[in-house]
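*Asks:* Structure file run_10.pdb (PDB, C-alpha atoms and all ligand atoms) is given on the next line.
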ATOM      1  CA  MET A   4      11.358  65.829   3.296
ATOM      2  CA  LEU A   5      11.424  62.683   5.382
ATOM      3  CA  ASN A   6       8.405  62.303   7.644
ATOM      4  CA  ILE A   7       8.250  59.383  10.024
ATOM      5  CA  VAL A   8       5.629  58.239  12.497
ATOM      6  CA  LEU A   9       7.318  56.459  15.388
ATOM      7  CA  PHE A  10       4.695  54.160  16.816
ATOM      8  CA  GLY A  11       4.398  51.836  19.760
ATOM      9  CA  PRO A  12       2.711  51.340  23.100
ATOM     10  CA  PRO A  13       3.552  53.379  26.216
ATOM     11  CA  GLY A  14       7.036  52.400  27.336
ATOM     12  CA  ALA A  15       8.102  50.960  23.965
ATOM     13  CA  GLY A  16      11.105  53.291  23.753
ATOM     14  CA  LYS A  17       9.827  55.922  21.324
ATOM     15  CA  GLY A  18      11.415  58.818  23.207
ATOM     16  CA  THR A  19      14.823  57.129  23.465
ATOM     17  CA  GLN A  20      14.920  56.186  19.795
ATOM     18  CA  SER A  21      13.547  59.560  18.633
ATOM     19  CA  ALA A  22      16.429  61.358  20.319
ATOM     20  CA  LYS A  23      18.924  59.228  18.390
ATOM     21  CA  LEU A  24      17.042  59.472  15.095
ATOM     22  CA  ILE A  25      16.709  63.264  15.088
ATOM     23  CA  GLU A  26      20.415  63.599  15.702
ATOM     24  CA  LYS A  27      21.360  61.291  12.858
ATOM     25  CA  TYR A  28      18.793  62.490  10.302
ATOM     26  CA  GLN A  29      18.409  66.126  11.459
ATOM     27  CA  LEU A  30      14.649  65.877  11.750
ATOM     28  CA  VAL A  31      12.263  67.928  13.875
ATOM     29  CA  HIS A  32      11.006  65.876  16.827
ATOM     30  CA  LEU A  33       7.363  66.421  17.719
ATOM     31  CA  SER A  34       6.328  64.441  20.795
ATOM     32  CA  THR A  35       2.777  65.265  21.824
ATOM     33  CA  GLY A  36       3.443  63.830  25.313
ATOM     34  CA  ASP A  37       6.485  66.137  25.738
ATOM     35  CA  ILE A  38       4.529  69.157  24.487
ATOM     36  CA  PHE A  39       1.684  68.427  26.896
ATOM     37  CA  ARG A  40       4.142  68.014  29.779
ATOM     38  CA  ALA A  41       5.848  71.327  28.915
ATOM     39  CA  ASN A  42       2.434  73.004  28.987
ATOM     40  CA  ILE A  43       1.585  71.399  32.324
ATOM     41  CA  LYS A  44       4.882  72.649  33.737
ATOM     42  CA  GLY A  45       4.266  76.135  32.350
ATOM     43  CA  GLY A  46       0.762  76.200  33.826
ATOM     44  CA  THR A  47      -0.893  77.081  30.504
ATOM     45  CA  GLU A  48      -4.599  76.616  29.827
ATOM     46  CA  LEU A  49      -3.749  73.725  27.486
ATOM     47  CA  GLY A  50      -1.623  72.171  30.239
ATOM     48  CA  VAL A  51      -4.443  72.308  32.791
ATOM     49  CA  LEU A  52      -6.807  70.669  30.329
ATOM     50  CA  ALA A  53      -4.298  68.004  29.235
ATOM     51  CA  LYS A  54      -3.412  67.125  32.830
ATOM     52  CA  SER A  55      -7.011  66.228  33.608
ATOM     53  CA  TYR A  56      -6.832  63.471  30.975
ATOM     54  CA  ILE A  57      -3.204  62.393  31.339
ATOM     55  CA  ASP A  58      -3.518  61.781  35.087
ATOM     56  CA  LYS A  59      -6.303  59.299  34.384
ATOM     57  CA  GLY A  60      -4.476  57.537  31.561
ATOM     58  CA  GLN A  61      -6.958  58.821  28.987
ATOM     59  CA  LEU A  62      -6.232  60.451  25.649
ATOM     60  CA  VAL A  63      -6.464  64.217  25.353
ATOM     61  CA  PRO A  64      -9.404  64.954  22.976
ATOM     62  CA  ASP A  65      -8.586  64.807  19.268
ATOM     63  CA  GLU A  66      -9.528  68.391  18.420
ATOM     64  CA  VAL A  67      -7.182  69.748  21.106
ATOM     65  CA  THR A  68      -4.304  67.435  20.179
ATOM     66  CA  ILE A  69      -4.679  67.937  16.429
ATOM     67  CA  GLY A  70      -4.803  71.737  16.788
ATOM     68  CA  MET A  71      -1.693  71.754  18.930
ATOM     69  CA  LEU A  72       0.223  69.437  16.593
ATOM     70  CA  ALA A  73      -0.711  71.483  13.531
ATOM     71  CA  SER A  74       0.555  74.661  15.129
ATOM     72  CA  GLU A  75       3.878  72.955  15.973
ATOM     73  CA  VAL A  76       4.255  71.696  12.392
ATOM     74  CA  ASN A  77       3.552  75.204  11.129
ATOM     75  CA  LYS A  78       6.192  76.686  13.435
ATOM     76  CA  ALA A  79       9.057  74.697  11.862
ATOM     77  CA  THR A  80      11.047  76.721   9.371
ATOM     78  CA  ASP A  81      12.442  74.812   6.419
ATOM     79  CA  PRO A  82      12.434  71.405   8.164
ATOM     80  CA  LYS A  83      14.230  68.419   6.645
ATOM     81  CA  GLY A  84      11.355  66.363   7.975
ATOM     82  CA  PHE A  85       9.543  65.367  11.135
ATOM     83  CA  ILE A  86       9.476  62.507  13.569
ATOM     84  CA  PHE A  87       5.996  62.269  15.020
ATOM     85  CA  ASP A  88       6.302  60.562  18.406
ATOM     86  CA  GLY A  89       3.081  59.718  20.235
ATOM     87  CA  PHE A  90       1.013  61.087  17.376
ATOM     88  CA  PRO A  91      -1.230  59.994  15.673
ATOM     89  CA  ARG A  92      -2.860  57.948  18.431
ATOM     90  CA  THR A  93      -6.330  57.678  16.887
ATOM     91  CA  SER A  94      -7.578  57.133  13.330
ATOM     92  CA  ALA A  95      -8.992  60.682  13.324
ATOM     93  CA  GLN A  96      -5.540  62.047  14.182
ATOM     94  CA  ALA A  97      -3.982  59.974  11.387
ATOM     95  CA  ALA A  98      -6.442  61.349   8.843
ATOM     96  CA  ALA A  99      -5.866  64.916  10.094
ATOM     97  CA  LEU A 100      -2.097  64.467   9.808
ATOM     98  CA  ASP A 101      -2.391  63.263   6.209
ATOM     99  CA  GLU A 102      -4.502  66.284   5.374
ATOM    100  CA  LEU A 103      -2.116  68.694   7.067
ATOM    101  CA  LEU A 104       0.957  67.286   5.323
ATOM    102  CA  GLN A 105      -0.844  67.169   1.995
ATOM    103  CA  SER A 106      -1.605  70.878   2.317
ATOM    104  CA  LYS A 107       2.154  71.387   2.631
ATOM    105  CA  GLY A 108       2.889  69.239  -0.419
ATOM    106  CA  THR A 109       4.365  66.366   1.565
ATOM    107  CA  SER A 110       3.288  63.131   3.278
ATOM    108  CA  ILE A 111       4.202  60.442   5.804
ATOM    109  CA  HIS A 112       6.874  58.182   4.357
ATOM    110  CA  MET A 113       6.703  55.382   6.885
ATOM    111  CA  MET A 114       5.460  54.253  10.246
ATOM    112  CA  LEU A 115       8.203  52.617  12.297
ATOM    113  CA  ALA A 116       6.559  50.582  15.034
ATOM    114  CA  LEU A 117       8.401  49.381  18.130
ATOM    115  CA  GLU A 118       6.895  46.056  19.152
ATOM    116  CA  VAL A 119       7.069  45.201  22.850
ATOM    117  CA  GLU A 120       4.861  42.801  24.776
ATOM    118  CA  GLU A 121       2.625  44.042  27.579
ATOM    119  CA  GLU A 122       4.379  42.421  30.521
ATOM    120  CA  GLU A 123       7.655  44.125  29.571
ATOM    121  CA  LEU A 124       5.843  47.493  29.162
ATOM    122  CA  ARG A 125       4.372  47.316  32.657
ATOM    123  CA  LYS A 126       7.835  46.614  34.084
ATOM    124  CA  ARG A 127       9.520  49.428  32.153
ATOM    125  CA  LEU A 128       6.891  52.026  33.030
ATOM    126  CA  LEU A 129       7.078  51.312  36.747
ATOM    127  CA  ILE A 130      10.876  51.611  36.618
ATOM    128  CA  ARG A 131      10.614  54.885  34.670
ATOM    129  CA  GLY A 132       8.083  56.187  37.204
ATOM    130  CA  LYS A 133      10.660  55.848  39.953
ATOM    131  CA  ASP A 134      13.158  58.244  38.386
ATOM    132  CA  SER A 135      11.161  60.371  35.916
ATOM    133  CA  GLY A 136       8.694  61.640  38.503
ATOM    134  CA  ARG A 137       5.919  61.164  35.915
ATOM    135  CA  ALA A 138       2.738  60.584  37.913
ATOM    136  CA  ASP A 139       1.213  58.544  35.082
ATOM    137  CA  ASP A 140       4.119  56.081  35.338
ATOM    138  CA  GLN A 141       3.748  55.521  39.074
ATOM    139  CA  ASP A 142       0.252  54.114  39.373
ATOM    140  CA  PRO A 143      -0.346  50.562  38.061
ATOM    141  CA  VAL A 144      -4.030  51.388  37.474
ATOM    142  CA  VAL A 145      -3.123  54.347  35.228
ATOM    143  CA  ILE A 146      -0.477  52.267  33.431
ATOM    144  CA  GLN A 147      -3.021  49.531  32.692
ATOM    145  CA  LYS A 148      -5.541  52.138  31.517
ATOM    146  CA  ARG A 149      -2.963  53.537  29.051
ATOM    147  CA  ILE A 150      -2.230  50.052  27.717
ATOM    148  CA  ASP A 151      -5.981  49.375  27.348
ATOM    149  CA  VAL A 152      -6.541  52.716  25.575
ATOM    150  CA  TYR A 153      -3.616  51.887  23.301
ATOM    151  CA  ASN A 154      -5.126  48.538  22.359
ATOM    152  CA  ALA A 155      -8.607  49.979  21.796
ATOM    153  CA  GLU A 156      -7.959  53.373  20.189
ATOM    154  CA  THR A 157      -4.387  53.457  18.958
ATOM    155  CA  MET A 158      -3.937  49.986  17.435
ATOM    156  CA  PRO A 159      -6.285  50.892  14.517
ATOM    157  CA  VAL A 160      -3.696  53.480  13.459
ATOM    158  CA  LYS A 161      -1.444  50.555  12.528
ATOM    159  CA  ASP A 162      -4.066  49.353  10.030
ATOM    160  CA  TYR A 163      -4.374  52.884   8.687
ATOM    161  CA  TYR A 164      -0.698  52.901   7.651
ATOM    162  CA  SER A 165      -0.621  49.204   6.700
ATOM    163  CA  ALA A 166      -3.342  49.962   4.161
ATOM    164  CA  GLN A 167      -0.957  52.522   2.639
ATOM    165  CA  ASN A 168       1.923  49.999   2.741
ATOM    166  CA  LYS A 169       3.820  52.192   5.175
ATOM    167  CA  TYR A 170       3.907  50.006   8.267
ATOM    168  CA  LYS A 171       7.293  48.615   9.388
ATOM    169  CA  GLY A 172       7.421  46.622  12.619
ATOM    170  CA  ILE A 173      10.646  46.497  14.618
ATOM    171  CA  GLN A 174      11.424  44.333  17.641
ATOM    172  CA  GLY A 175      11.585  46.815  20.554
ATOM    173  CA  ILE A 176      13.270  44.495  23.051
ATOM    174  CA  GLY A 177      17.053  44.243  23.186
ATOM    175  CA  GLU A 178      20.009  46.619  23.133
ATOM    176  CA  ILE A 179      19.123  50.273  22.451
ATOM    177  CA  ASP A 180      21.819  50.507  19.766
ATOM    178  CA  HIS A 181      20.681  47.306  18.124
ATOM    179  CA  ILE A 182      17.082  48.586  17.899
ATOM    180  CA  PHE A 183      18.409  51.912  16.597
ATOM    181  CA  ALA A 184      20.353  50.104  13.864
ATOM    182  CA  ALA A 185      17.194  48.252  12.811
ATOM    183  CA  LEU A 186      15.282  51.551  12.580
ATOM    184  CA  CYS A 187      18.065  53.179  10.547
ATOM    185  CA  ALA A 188      18.152  50.192   8.193
ATOM    186  CA  GLU A 189      14.455  50.708   7.428
ATOM    187  CA  ILE A 190      14.941  54.430   6.850
ATOM    188  CA  ASP A 191      18.029  54.008   4.695
ATOM    189  CA  GLN A 192      16.431  51.469   2.454
ATOM    190  CA  ALA A 193      13.297  53.581   1.866
TER     191      ALA A 193
HETATM  192  P1  LIG A 201       3.619  57.191  26.777
HETATM  193  O1  LIG A 201       4.847  56.910  27.507
HETATM  194  O2  LIG A 201       2.395  56.750  27.522
HETATM  195  O3  LIG A 201       3.617  56.784  25.341
HETATM  196  P2  LIG A 201       3.464  60.049  26.064
HETATM  197  O4  LIG A 201       4.495  60.883  26.696
HETATM  198  O5  LIG A 201       3.524  59.842  24.597
HETATM  199  O6  LIG A 201       3.453  58.723  26.880
HETATM  200  O7  LIG A 201       1.998  60.614  26.411
HETATM  201  C1  LIG A 201       1.595  60.849  27.738
HETATM  202  C2  LIG A 201       0.089  61.118  27.756
HETATM  203  O8  LIG A 201      -0.199  62.309  26.991
HETATM  204  C3  LIG A 201      -0.797  60.035  27.158
HETATM  205  O9  LIG A 201      -1.099  59.011  28.087
HETATM  206  C4  LIG A 201      -2.035  60.857  26.758
HETATM  207  O10 LIG A 201      -2.852  61.129  27.877
HETATM  208  C5  LIG A 201      -1.432  62.173  26.299
HETATM  209  N1  LIG A 201      -1.167  62.166  24.839
HETATM  210  C6  LIG A 201       0.045  62.122  24.238
HETATM  211  N2  LIG A 201      -0.076  62.109  22.909
HETATM  212  C7  LIG A 201      -1.404  62.125  22.649
HETATM  213  C8  LIG A 201      -2.197  62.084  21.462
HETATM  214  N3  LIG A 201      -1.625  62.033  20.245
HETATM  215  N4  LIG A 201      -3.552  62.123  21.576
HETATM  216  C9  LIG A 201      -4.132  62.185  22.773
HETATM  217  N5  LIG A 201      -3.464  62.196  23.931
HETATM  218  C10 LIG A 201      -2.120  62.166  23.883
END
What is this structure when it is put down as structure tokens?
Ligand code: ADP
*Replies:*
Amino acid sequence: MLNIVLFGPPGAGKGTQSAKLIEKYQLVHLSTGDIFRANIKGGTELGVLAKSYIDKGQLVPDEVTIGMLASEVNKATDPKGFIFDGFPRTSAQAAALDELLQSKGTSIHMMLALEVEEEELRKRLLIRGKDSGRADDQDPVVIQKRIDVYNAETMPVKDYYSAQNKYKGIQGIGEIDHIFAALCAEIDQA
């Protein structure tokens, strides 16, 4: 199996690159943000709970997110591997993911991190908010909160994978295909 954590701040391009990577490598794409949004749309209990955090730019609590992610991993039948997009976002989630994969006899092979500076993120998210209809992309206060939460709670996840020698940083500004080629180069040489 090939298991990749695609990492980066809100607006770094994780969704765009995931779509290209799953096609090329035939991996299962698990985006916690997409799963939460599907639940919000479907009006599920999980969706109602998640919305109360997402609308404020806060993280959904670890126990909820970890439980949901584990059930999605367990649903996959004979996967070639996973791309985890938007997960793990806290050190507790990273430790839970290691445990889950270990119980399945596998592990994370690498963290590919899209590096984009804050000013560019703010610009991209506001543009996305105009056509995606995502409420959390339309309010500059919520956007700033997400960037702050990323710096405070999610950045430590980088150290978690660096300590395992799995961290690979990739410049996330430039042509989409150029960034994609850089990601593929890291995967192919692993
Ligand atoms: P972004 O564009 O901000 O990276 P995502 O689509 O990945 O957005 O996530 C949207 C929101 O869903 C986050 O701001 C957060 O509230 C919630 N969320 C997504 N993934 C997680 C996670 N792993 N842990 C906690 N909350 C999460």
*Asks:* If you take only C-alpha atoms and all ligand atoms and a cut-off of 6 Å, which residues of chain A touch ligand LIG 201 (chain A), and what are their nearest atom pairs and distances in Å to one decimal, in chain and number order, as a tab-separated table?
*Replies:*
residue	atom	partner	partner_atom	distance
A:Pro12	CA	A:LIG201	O3	6.0
A:Pro13	CA	A:LIG201	O3	3.5
A:Gly14	CA	A:LIG201	O1	5.0
A:Thr35	CA	A:LIG201	N2	4.4
A:Gly36	CA	A:LIG201	O4	3.4
A:Asp37	CA	A:LIG201	O4	5.7
A:Tyr56	CA	A:LIG201	O10	5.6
A:Ile57	CA	A:LIG201	O10	3.7
A:Gly60	CA	A:LIG201	O9	5.1
A:Gln61	CA	A:LIG201	O10	4.8
A:Leu62	CA	A:LIG201	N5	3.7
A:Val63	CA	A:LIG201	N5	3.9
A:Pro64	CA	A:LIG201	C9	6.0
A:Thr68	CA	A:LIG201	N4	5.5
A:Gly89	CA	A:LIG201	O5	4.4
A:Phe90	CA	A:LIG201	N3	4.0
A:Pro91	CA	A:LIG201	N3	5.0
A:Arg92	CA	A:LIG201	N3	4.6
A:Arg149	CA	A:LIG201	O9	5.9
*Asks:* Determine the residue membership of the PyMOL selection byres (((chain A and resi 114) around 12) and not hetatm) for the file above and supply it as a PyMOL selection string.
*Replies:* chain A and resi 5-11+85-91+97+110-113+115-117+160-173+186+189-190+193
*Asks:* Rounded to one decimal in Å, what is the spacing between CA of Ala98 (chain A) and CA of Ser74 (chain A)?
*Replies:*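 Separating CA of Ala98 (chain A) from CA of Ser74 (chain A) is a distance of 16.3 Å.
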*Asks:* Work out how far CA of Val76 (chain A) is from CA of Gln174 (chain A), in Å to one decimal.
*Replies:*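 Atom-to-atom, CA of Gln174 (chain A) to CA of Val76 (chain A), that is 28.8 Å.
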*Asks:* Name the closest residue to Ile150 (chain A) among the candidates A:Lys83, A:Arg125, A:Lys107, A:Arg131; distances are taken between atoms, counting all atoms listed in the file.
*Replies:*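 Closest residue, counting all atoms listed in the file: A:Arg125.
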*Asks:* Once you add 3 Å to each side, what are the centre and edge lengths of the axis-aligned box holding all listed atoms of region 169-188 of chain A? One decimal in Å, as AutoDock Vina command-line options, if you can.
*Replies:*
--center_x 12.8 --center_y 48.7 --center_z 14.2 --size_x 24.0 --size_y 14.9 --size_z 24.0
*Asks:* Take region 132-151 of chain A, bring it up to N, CA and C atoms, and give me the output as a CSV table (one decimal), keeping the file's coordinate frame.
*Replies:*
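Printed below is result_6.csv as written:
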chain,number,residue,atom,x,y,z
A,132,GLY,N,8.8,55.4,36.2
A,132,GLY,CA,8.1,56.2,37.2
A,132,GLY,C,8.9,56.5,38.4
A,133,LYS,N,9.8,55.6,38.8
A,133,LYS,CA,10.7,55.8,40.0
A,133,LYS,C,11.6,57.0,39.7
A,134,ASP,N,12.2,57.1,38.5
A,134,ASP,CA,13.2,58.2,38.4
A,134,ASP,C,12.7,59.4,37.5
A,135,SER,N,11.6,59.2,36.7
A,135,SER,CA,11.2,60.4,35.9
A,135,SER,C,10.3,61.3,36.7
A,136,GLY,N,9.6,60.8,37.8
A,136,GLY,CA,8.7,61.6,38.5
A,136,GLY,C,7.4,61.8,37.8
A,137,ARG,N,7.2,61.1,36.6
A,137,ARG,CA,5.9,61.2,35.9
A,137,ARG,C,4.8,60.4,36.7
A,138,ALA,N,3.8,61.2,37.1
A,138,ALA,CA,2.7,60.6,37.9
A,138,ALA,C,2.1,59.4,37.2
A,139,ASP,N,1.9,59.6,35.8
A,139,ASP,CA,1.2,58.5,35.1
A,139,ASP,C,2.0,57.3,35.0
A,140,ASP,N,3.3,57.3,35.4
A,140,ASP,CA,4.1,56.1,35.3
A,140,ASP,C,4.2,55.4,36.7
A,141,GLN,N,3.6,56.0,37.7
A,141,GLN,CA,3.7,55.5,39.1
A,141,GLN,C,2.6,54.7,39.6
A,142,ASP,N,1.5,54.8,38.9
A,142,ASP,CA,0.3,54.1,39.4
A,142,ASP,C,-0.1,53.0,38.4
A,143,PRO,N,-0.1,51.7,38.9
A,143,PRO,CA,-0.3,50.6,38.1
A,143,PRO,C,-1.7,50.6,37.4
A,144,VAL,N,-2.7,51.3,38.1
A,144,VAL,CA,-4.0,51.4,37.5
A,144,VAL,C,-4.0,52.3,36.2
A,145,VAL,N,-3.2,53.4,36.4
A,145,VAL,CA,-3.1,54.3,35.2
A,145,VAL,C,-2.3,53.7,34.1
A,146,ILE,N,-1.3,53.0,34.5
A,146,ILE,CA,-0.5,52.3,33.4
A,146,ILE,C,-1.4,51.3,32.7
A,147,GLN,N,-2.2,50.5,33.4
A,147,GLN,CA,-3.0,49.5,32.7
A,147,GLN,C,-4.0,50.2,31.8
A,148,LYS,N,-4.6,51.4,32.3
A,148,LYS,CA,-5.5,52.1,31.5
A,148,LYS,C,-4.9,52.6,30.2
A,149,ARG,N,-3.6,53.1,30.3
A,149,ARG,CA,-3.0,53.5,29.1
A,149,ARG,C,-2.8,52.4,28.1
A,150,ILE,N,-2.4,51.2,28.6
A,150,ILE,CA,-2.2,50.1,27.7
A,150,ILE,C,-3.6,49.7,27.1
A,151,ASP,N,-4.6,49.7,27.9
A,151,ASP,CA,-6.0,49.4,27.3
A,151,ASP,C,-6.4,50.4,26.3
